[in-house]
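Q: First, the structure itself, so that you have it in front of you.
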Amino acid sequence: MDQKIDFEAIDLTGPPPGQEPDRQYYFIARCRLWVREFLEKQGRLPRACVVNYGCQMNARDSEKLAGILKEIGYDLTESEEADFVIYNTCTVRDNANQKVYGRLGYLNGNKKKNPHMKIALCGCMMQEPSAVEKIKRSYGFVDLIFGTHNIFKLAELLDVCLRQDGMIIDLWEDTDQIVEALPVDRKYPFKSGVNIMFGCNNFCSYCIVPYVRGRERSRKPEDILKEIRSLVDQGVVEIMLLGQNVNSYGKNLPEPMTFAQLLTEVEGIRGLKRIRFMTSHPKDLSDQLIQVMQNSKKICRHLHLPLQSGSSRLLKLMNRHYDKEQYIALAQKIRKAIPDIAITTDIIVGFPGETEEDFKDTLDVVEKVQFENAFTFIYSKRTGTPAAAMADQVPPEVAHRRFDRLLSLVQETAKRRNALLVGTKQTVLAEEVNSHENGMLTGRMSNNALVHFNGPADLVGSLCAVRLTESKGFYYIGQYLQQEDEK
Ligand code: 5AD
Ligand code: SF4
């Protein structure tokens, strides 16, 4: 939110405005009255807790939920013994759903102890009709359910929820609406995610995201740039541009523009020090992007480039639009153009029909590309996706064995590759005080690797020169040299 809204000045005598975000401001103002009443009756502010599951996109959505709750007047807490608890759910793999079901039982215990307590669920899992049916059937104590497309409506839905009992459900199938200028409560003062697009059009055959997050839509570049300028004014030095497939940014804008063009514009923002982005689909990664990265002083030396499988046969069945050789060639091209770049990836094992030979192709790509880090997953069947209906689902014990083999190769290759940087001087953004070791800070290098180094707490938020003294596989130990920016 760029300008401060005076919620006290909003006229609540008339009907709510039809236009967003004014409509939500109106409901925030109404909920503030409820908070005032609560304070008068209970002698304390109501407490709210936002629990995030899943990816960076969800984390950013959770910051928006927290921002709205804070403006309403809730005291934000990390304890789930709050008066309002909201789970922003994920459904990319079944274990994400299971976690939510497991936690709900515990939440119900809290609710029995606190007569004011309301429980809300939102996010990706709520866009799945079967999950909502199950909640209606077995978790009737949930008060509010909404999805990914109407997350901006929290204040409006809460206004109803606070004034009546029973489960309120508001789910949209899709939307082309992007609501700007809502409050955000950022987790870190010095770095922030920035959505550049929502949804996904790729329909990888295993993936539920296009069904739960809807069609791809890009934010207007002027809105993105305005948000980043405002974040920089508030002290942010690093931003992460977020989208399911940032490389297809801007294709459907009234005035189309490429992701590389957007990056060039973001680079021009004075005071911004670092630019990250997530996620890149290999099929859409352009030479123009590589060139922009190569010439940039601000874009971090990191590409997250999901491989998913090294088998050309499986990649076709996965609907990924590249093959093994094209992926390797792309990774080599990137490494040649930007030698200090880290390439990280996502890999799935146990996709339907995966043979030992297919799996060996995956191992082969890991050997050849030498990822600095890889997130490895066991295939999880998602109802409604094409892969769920495929024959030859891989037995769990086979998938688990392959997973272990893949993980040990990833660890070995990453360790070898990451060791190459020991002894070098790196710029690290100090992000937090290390909770395990006194006098140590944790930060990230441009290439996204974590570094634990010695230093006082007031360096948090600063770029620091650090000498890497030891590689621990996926992270480093470093020696603090000096501060590189003045705060
Ligand atoms: N099973 C396992 N992993 C999956 N991913 C997406 N869908 C599934 C699934 N059904 C992984 C992909 C993606 C990451 C975010 O999650 O590797 O890149
Ligand atoms: Fe899922 Fe593929 Fe879209 Fe990523 S690009 S969100 S894996 S469908």
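Letters A, B, ... go to the chains of the structure tokens in the order shown; residues in each chain start at 1; ligands are counted from 1 in the same order.
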With only C-alpha atoms and all ligand atoms counted, collect every polymer residue having an atom within 6 Å of ligand 2; state the result as a short mmCIF file (atom, residue, chain, number, x, y, z; two decimals) with C-alpha atoms, in the first residue's frame.

A:
data_model
loop_
_atom_site.label_atom_id
_atom_site.label_comp_id
_atom_site.auth_asym_id
_atom_site.auth_seq_id
_atom_site.Cartn_x
_atom_site.Cartn_y
_atom_site.Cartn_z
CA CYS A 200 -0.16 -20.78 -14.77
CA ASN A 202 1.40 -24.73 -18.67
CA PHE A 203 -0.57 -27.71 -17.47
CA CYS A 204 2.38 -29.94 -16.71
CA CYS A 207 0.65 -30.46 -11.52
CA VAL A 209 -1.34 -25.49 -9.81
CA PRO A 210 -3.09 -24.42 -13.06
CA GLN A 244 4.77 -19.59 -11.53
CA ASN A 245 6.54 -18.99 -14.82
#

Q: Using only C-alpha atoms, which protein or nucleic acid residues come within 6 Å of range 310-317 of chain A? Drop anything in the same chain fewer than 5 positions from it, and give the result as an mmCIF file with C-alpha atoms, in the first residue's frame.

A:
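Full text of result.cif as output:
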data_model
loop_
_atom_site.group_PDB
_atom_site.id
_atom_site.type_symbol
_atom_site.label_atom_id
_atom_site.label_comp_id
_atom_site.auth_asym_id
_atom_site.auth_seq_id
_atom_site.Cartn_x
_atom_site.Cartn_y
_atom_site.Cartn_z
ATOM 1 C CA ASP A 323 13.992 -32.746 -23.807
ATOM 2 C CA LYS A 324 17.050 -33.919 -21.919
ATOM 3 C CA ASP A 358 14.300 -42.991 -17.243
ATOM 4 C CA ASP A 361 18.644 -40.137 -17.334
ATOM 5 C CA THR A 362 17.689 -37.931 -14.384
ATOM 6 C CA VAL A 365 21.510 -34.663 -15.950
#

Q: Per residue of chain A within 9 Å of ligand 1, note the shortest atom pair and the distance in Å to one decimal, counting only C-alpha atoms and all ligand atoms, and order the rows by chain and increasing residue number, as CSV.

A:
residue,atom,partner,partner_atom_place_in_ligand_line,distance
A:Gly54,CA,ligand 1,15 (C),8.8
A:Cys55,CA,ligand 1,15 (C),7.4
A:Thr91,CA,ligand 1,7 (N),8.8
A:Val92,CA,ligand 1,7 (N),5.2
A:Arg93,CA,ligand 1,9 (C),5.3
A:Asp94,CA,ligand 1,10 (N),8.0
A:Cys204,CA,ligand 1,7 (N),8.2
A:Ser205,CA,ligand 1,10 (N),8.4
A:Tyr206,CA,ligand 1,10 (N),4.6
A:Cys207,CA,ligand 1,7 (N),4.1
A:Ile208,CA,ligand 1,7 (N),6.4
A:Val209,CA,ligand 1,7 (N),7.5
A:Gln244,CA,ligand 1,15 (C),8.7
A:Thr279,CA,ligand 1,18 (O),8.4
A:Leu305,CA,ligand 1,18 (O),8.6
A:Pro306,CA,ligand 1,18 (O),5.5
A:Leu307,CA,ligand 1,17 (O),7.6
A:Gln308,CA,ligand 1,17 (O),5.4
A:Ser309,CA,ligand 1,17 (O),8.9
A:Thr345,CA,ligand 1,18 (O),7.8
A:Asp346,CA,ligand 1,17 (O),4.4
A:Ile347,CA,ligand 1,17 (O),5.1
A:Ile348,CA,ligand 1,17 (O),5.4
A:Val349,CA,ligand 1,2 (C),7.7
A:Gly350,CA,ligand 1,2 (C),8.6
A:Phe351,CA,ligand 1,1 (N),7.8
A:Phe375,CA,ligand 1,17 (O),7.4
A:Thr376,CA,ligand 1,17 (O),7.1
A:Phe377,CA,ligand 1,3 (N),5.1
A:Ile378,CA,ligand 1,2 (C),5.3
A:Tyr379,CA,ligand 1,1 (N),3.7
A:Ser380,CA,ligand 1,1 (N),3.8
A:Lys381,CA,ligand 1,10 (N),5.4
A:Arg382,CA,ligand 1,10 (N),5.5
A:Thr385,CA,ligand 1,10 (N),8.4
A:Ala387,CA,ligand 1,10 (N),8.3
A:Ala388,CA,ligand 1,10 (N),8.6

Q: Contacts of Ala29 in chain A at 9 Å or less, counting only C-alpha atoms, minus same-chain residues fewer than 5 places along, as JSON, numbers by chain?

A: {"A": [7, 8, 9, 10, 11, 12, 24, 71, 72, 155]}

Q: Do you know which residues are at most 7 Å from Glu63 in chain A counting only C-alpha atoms, after dropping those on the same chain fewer than 4 positions away, and could you put them as a compact mmCIF listing (two decimals) with all heavy atoms, in the first residue's frame?

A:
# COMPACT_ATOMS: atom_id res chain seq x y z
N ALA A 59 3.57 -17.43 0.56
CA ALA A 59 4.17 -16.63 1.63
C ALA A 59 3.82 -15.15 1.42
O ALA A 59 3.48 -14.44 2.36
CB ALA A 59 5.68 -16.83 1.66
N GLY A 67 -1.35 -8.23 6.66
CA GLY A 67 -1.47 -6.78 6.51
C GLY A 67 -2.90 -6.32 6.74
O GLY A 67 -3.16 -5.32 7.44
N VAL A 184 -0.06 -4.72 3.39
CA VAL A 184 0.84 -5.87 3.47
C VAL A 184 1.65 -5.75 4.76
O VAL A 184 2.12 -4.67 5.10
CB VAL A 184 1.86 -5.89 2.29
CG1 VAL A 184 2.68 -7.17 2.33
CG2 VAL A 184 1.16 -5.77 0.95
N ASP A 185 1.80 -6.86 5.46
CA ASP A 185 2.66 -6.85 6.65
C ASP A 185 3.87 -7.72 6.31
O ASP A 185 3.79 -8.94 6.32
CB ASP A 185 1.90 -7.42 7.85
CG ASP A 185 2.73 -7.35 9.11
OD1 ASP A 185 3.31 -6.29 9.38
OD2 ASP A 185 2.81 -8.37 9.83
N ARG A 186 5.00 -7.08 5.98
CA ARG A 186 6.15 -7.83 5.50
C ARG A 186 6.92 -8.49 6.63
O ARG A 186 7.07 -7.92 7.69
CB ARG A 186 7.09 -6.91 4.71
CG ARG A 186 6.57 -6.66 3.31
CD ARG A 186 7.52 -5.84 2.49
NE ARG A 186 7.50 -4.45 2.89
CZ ARG A 186 8.49 -3.84 3.52
NH1 ARG A 186 9.59 -4.50 3.83
NH2 ARG A 186 8.40 -2.58 3.83

Q: Enumerate the residues of range 36-134 of chain A with a DSSP assignment of strand (DSSP E or B), computed from the backbone, and present them as a list in words.

A: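 DSSP-assigned strand (DSSP E or B) residues in range 36-134 of chain A: Arg47, Ala48, Cys49, Val50, Val51, Asn52, Asp75, Leu76, Phe84, Val85, Ile86, Tyr87, Asn88, Thr89, Lys118, Ile119, Ala120, Leu121, Cys122 and Gly123 of chain A.
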
Q: Generate a file of the selected residues that holds N, CA and C atoms, formatted as a PDB file, in the first residue's frame.

A:
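Output below, filename part.pdb:
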ATOM      1  N   ARG A  47      -6.462 -11.403  19.124  1.00  0.00           N
ATOM      2  CA  ARG A  47      -5.189 -11.831  18.522  1.00  0.00           C
ATOM      3  C   ARG A  47      -5.464 -12.650  17.260  1.00  0.00           C
ATOM      4  N   ALA A  48      -4.603 -12.481  16.255  1.00  0.00           N
ATOM      5  CA  ALA A  48      -4.754 -13.241  15.004  1.00  0.00           C
ATOM      6  C   ALA A  48      -3.437 -13.902  14.638  1.00  0.00           C
ATOM      7  N   CYS A  49      -3.551 -15.081  14.039  1.00  0.00           N
ATOM      8  CA  CYS A  49      -2.363 -15.841  13.648  1.00  0.00           C
ATOM      9  C   CYS A  49      -2.523 -16.313  12.204  1.00  0.00           C
ATOM     10  N   VAL A  50      -1.562 -15.983  11.360  1.00  0.00           N
ATOM     11  CA  VAL A  50      -1.585 -16.431   9.960  1.00  0.00           C
ATOM     12  C   VAL A  50      -0.538 -17.528   9.824  1.00  0.00           C
ATOM     13  N   VAL A  51      -0.966 -18.704   9.387  1.00  0.00           N
ATOM     14  CA  VAL A  51      -0.005 -19.805   9.206  1.00  0.00           C
ATOM     15  C   VAL A  51       0.130 -20.077   7.716  1.00  0.00           C
ATOM     16  N   ASN A  52       1.369 -20.029   7.240  1.00  0.00           N
ATOM     17  CA  ASN A  52       1.578 -20.238   5.811  1.00  0.00           C
ATOM     18  C   ASN A  52       2.071 -21.648   5.516  1.00  0.00           C
ATOM     19  N   ASP A  75      -3.985  -8.005  17.050  1.00  0.00           N
ATOM     20  CA  ASP A  75      -2.640  -8.157  17.562  1.00  0.00           C
ATOM     21  C   ASP A  75      -2.104  -9.437  16.892  1.00  0.00           C
ATOM     22  N   LEU A  76      -1.103  -9.310  16.021  1.00  0.00           N
ATOM     23  CA  LEU A  76      -0.624 -10.496  15.295  1.00  0.00           C
ATOM     24  C   LEU A  76       0.306 -11.318  16.179  1.00  0.00           C
ATOM     25  N   PHE A  84      -8.339 -15.468  16.080  1.00  0.00           N
ATOM     26  CA  PHE A  84      -8.581 -15.751  14.659  1.00  0.00           C
ATOM     27  C   PHE A  84      -7.344 -16.444  14.107  1.00  0.00           C
ATOM     28  N   VAL A  85      -7.526 -17.676  13.638  1.00  0.00           N
ATOM     29  CA  VAL A  85      -6.388 -18.401  13.053  1.00  0.00           C
ATOM     30  C   VAL A  85      -6.736 -18.708  11.607  1.00  0.00           C
ATOM     31  N   ILE A  86      -5.839 -18.337  10.708  1.00  0.00           N
ATOM     32  CA  ILE A  86      -6.078 -18.609   9.294  1.00  0.00           C
ATOM     33  C   ILE A  86      -4.917 -19.413   8.732  1.00  0.00           C
ATOM     34  N   TYR A  87      -5.251 -20.518   8.060  1.00  0.00           N
ATOM     35  CA  TYR A  87      -4.249 -21.341   7.383  1.00  0.00           C
ATOM     36  C   TYR A  87      -4.303 -21.010   5.893  1.00  0.00           C
ATOM     37  N   ASN A  88      -3.188 -20.541   5.364  1.00  0.00           N
ATOM     38  CA  ASN A  88      -3.088 -20.343   3.917  1.00  0.00           C
ATOM     39  C   ASN A  88      -2.492 -21.621   3.344  1.00  0.00           C
ATOM     40  N   THR A  89      -3.336 -22.436   2.739  1.00  0.00           N
ATOM     41  CA  THR A  89      -2.958 -23.817   2.440  1.00  0.00           C
ATOM     42  C   THR A  89      -2.286 -24.004   1.089  1.00  0.00           C
ATOM     43  N   LYS A 118     -12.261 -17.997  15.930  1.00  0.00           N
ATOM     44  CA  LYS A 118     -12.746 -18.311  14.577  1.00  0.00           C
ATOM     45  C   LYS A 118     -11.591 -18.939  13.804  1.00  0.00           C
ATOM     46  N   ILE A 119     -11.922 -19.923  12.977  1.00  0.00           N
ATOM     47  CA  ILE A 119     -10.891 -20.614  12.191  1.00  0.00           C
ATOM     48  C   ILE A 119     -11.194 -20.424  10.708  1.00  0.00           C
ATOM     49  N   ALA A 120     -10.189 -19.988   9.953  1.00  0.00           N
ATOM     50  CA  ALA A 120     -10.383 -19.777   8.514  1.00  0.00           C
ATOM     51  C   ALA A 120      -9.349 -20.579   7.723  1.00  0.00           C
ATOM     52  N   LEU A 121      -9.774 -21.044   6.557  1.00  0.00           N
ATOM     53  CA  LEU A 121      -8.868 -21.741   5.637  1.00  0.00           C
ATOM     54  C   LEU A 121      -8.955 -21.048   4.288  1.00  0.00           C
ATOM     55  N   CYS A 122      -7.804 -20.821   3.673  1.00  0.00           N
ATOM     56  CA  CYS A 122      -7.833 -20.233   2.328  1.00  0.00           C
ATOM     57  C   CYS A 122      -6.673 -20.817   1.533  1.00  0.00           C
ATOM     58  N   GLY A 123      -6.510 -20.368   0.293  1.00  0.00           N
ATOM     59  CA  GLY A 123      -5.370 -20.811  -0.510  1.00  0.00           C
ATOM     60  C   GLY A 123      -5.685 -22.007  -1.397  1.00  0.00           C
TER      61      GLY A 123
END

Q: In Å, how far is it from CA of Val292 in chain A to CA of Tyr475 in chain A?

A: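 It comes out at 27.4 Å.
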
Q: Taking only range 180-409 of chain A into account, list the residues labelled alpha helix (DSSP H) by DSSP (computed from the backbone), as a PyMOL selection string.

A: chain A and resi 209-213+221-233+259-267+287-295+312-317+324-337+356-369+396-409

Q: Which of these residues is nearest to Met126 in chain A, using only C-alpha atoms: A:Gly18, A:Gly423, A:Gly147, A:Gly455?

A: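 Of the candidates, the smallest distance to Met126 in chain A is held by A:Gly147.
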
Q: Could you give me, as a list in words, the residues within 12 Å of range 37-44 of chain A, counting only C-alpha atoms and dropping anything in the same chain fewer than 4 positions from it?

A: Arg30, Cys31, Arg32, Leu33, Gly73, Tyr74, Asp75, Asp83, His116 and Leu162 of chain A

Q: What are the closest atom pairs, with distances in Å to one decimal, for all residues of range 293-386 of chain A lying within 12 Å of range 265-273 of chain A? Consider only C-alpha atoms, order rows by chain and residue number, and present the result as a Markdown table.

A:
| residue | atom | partner | partner_atom | distance |
| --- | --- | --- | --- | --- |
| A:Met293 | CA | A:Glu267 | CA | 10.2 |
| A:Asn295 | CA | A:Glu267 | CA | 10.5 |
| A:Ser296 | CA | A:Glu267 | CA | 7.5 |
| A:Lys297 | CA | A:Glu267 | CA | 8.1 |
| A:Lys298 | CA | A:Lys273 | CA | 5.7 |
| A:Ile299 | CA | A:Glu267 | CA | 7.7 |
| A:Cys300 | CA | A:Lys273 | CA | 9.6 |

Q: Based on the selection just made, write N, CA, C and O atoms of those residues as a PDB file, in the first residue's frame.

A:
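What ended up in again.pdb:
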ATOM      1  N   MET A 293      20.768 -10.598 -17.733  1.00  0.00           N
ATOM      2  CA  MET A 293      21.391 -11.031 -16.471  1.00  0.00           C
ATOM      3  C   MET A 293      22.900 -10.794 -16.499  1.00  0.00           C
ATOM      4  O   MET A 293      23.498 -10.332 -15.530  1.00  0.00           O
ATOM      5  N   ASN A 295      24.567  -8.604 -18.099  1.00  0.00           N
ATOM      6  CA  ASN A 295      24.972  -7.199 -18.034  1.00  0.00           C
ATOM      7  C   ASN A 295      24.521  -6.498 -16.755  1.00  0.00           C
ATOM      8  O   ASN A 295      24.818  -5.328 -16.564  1.00  0.00           O
ATOM      9  N   SER A 296      23.792  -7.225 -15.921  1.00  0.00           N
ATOM     10  CA  SER A 296      23.183  -6.557 -14.772  1.00  0.00           C
ATOM     11  C   SER A 296      24.115  -6.523 -13.565  1.00  0.00           C
ATOM     12  O   SER A 296      24.875  -7.448 -13.306  1.00  0.00           O
ATOM     13  N   LYS A 297      24.003  -5.420 -12.829  1.00  0.00           N
ATOM     14  CA  LYS A 297      24.765  -5.320 -11.571  1.00  0.00           C
ATOM     15  C   LYS A 297      23.877  -5.749 -10.403  1.00  0.00           C
ATOM     16  O   LYS A 297      24.355  -5.957  -9.298  1.00  0.00           O
ATOM     17  N   LYS A 298      22.580  -5.811 -10.634  1.00  0.00           N
ATOM     18  CA  LYS A 298      21.667  -6.054  -9.517  1.00  0.00           C
ATOM     19  C   LYS A 298      21.025  -7.446  -9.529  1.00  0.00           C
ATOM     20  O   LYS A 298      20.626  -7.944  -8.482  1.00  0.00           O
ATOM     21  N   ILE A 299      20.881  -8.029 -10.718  1.00  0.00           N
ATOM     22  CA  ILE A 299      20.202  -9.333 -10.764  1.00  0.00           C
ATOM     23  C   ILE A 299      21.129 -10.381 -10.164  1.00  0.00           C
ATOM     24  O   ILE A 299      22.289 -10.500 -10.553  1.00  0.00           O
ATOM     25  N   CYS A 300      20.596 -11.116  -9.203  1.00  0.00           N
ATOM     26  CA  CYS A 300      21.426 -12.077  -8.483  1.00  0.00           C
ATOM     27  C   CYS A 300      21.846 -13.230  -9.384  1.00  0.00           C
ATOM     28  O   CYS A 300      21.153 -13.573 -10.348  1.00  0.00           O
TER      29      CYS A 300
END
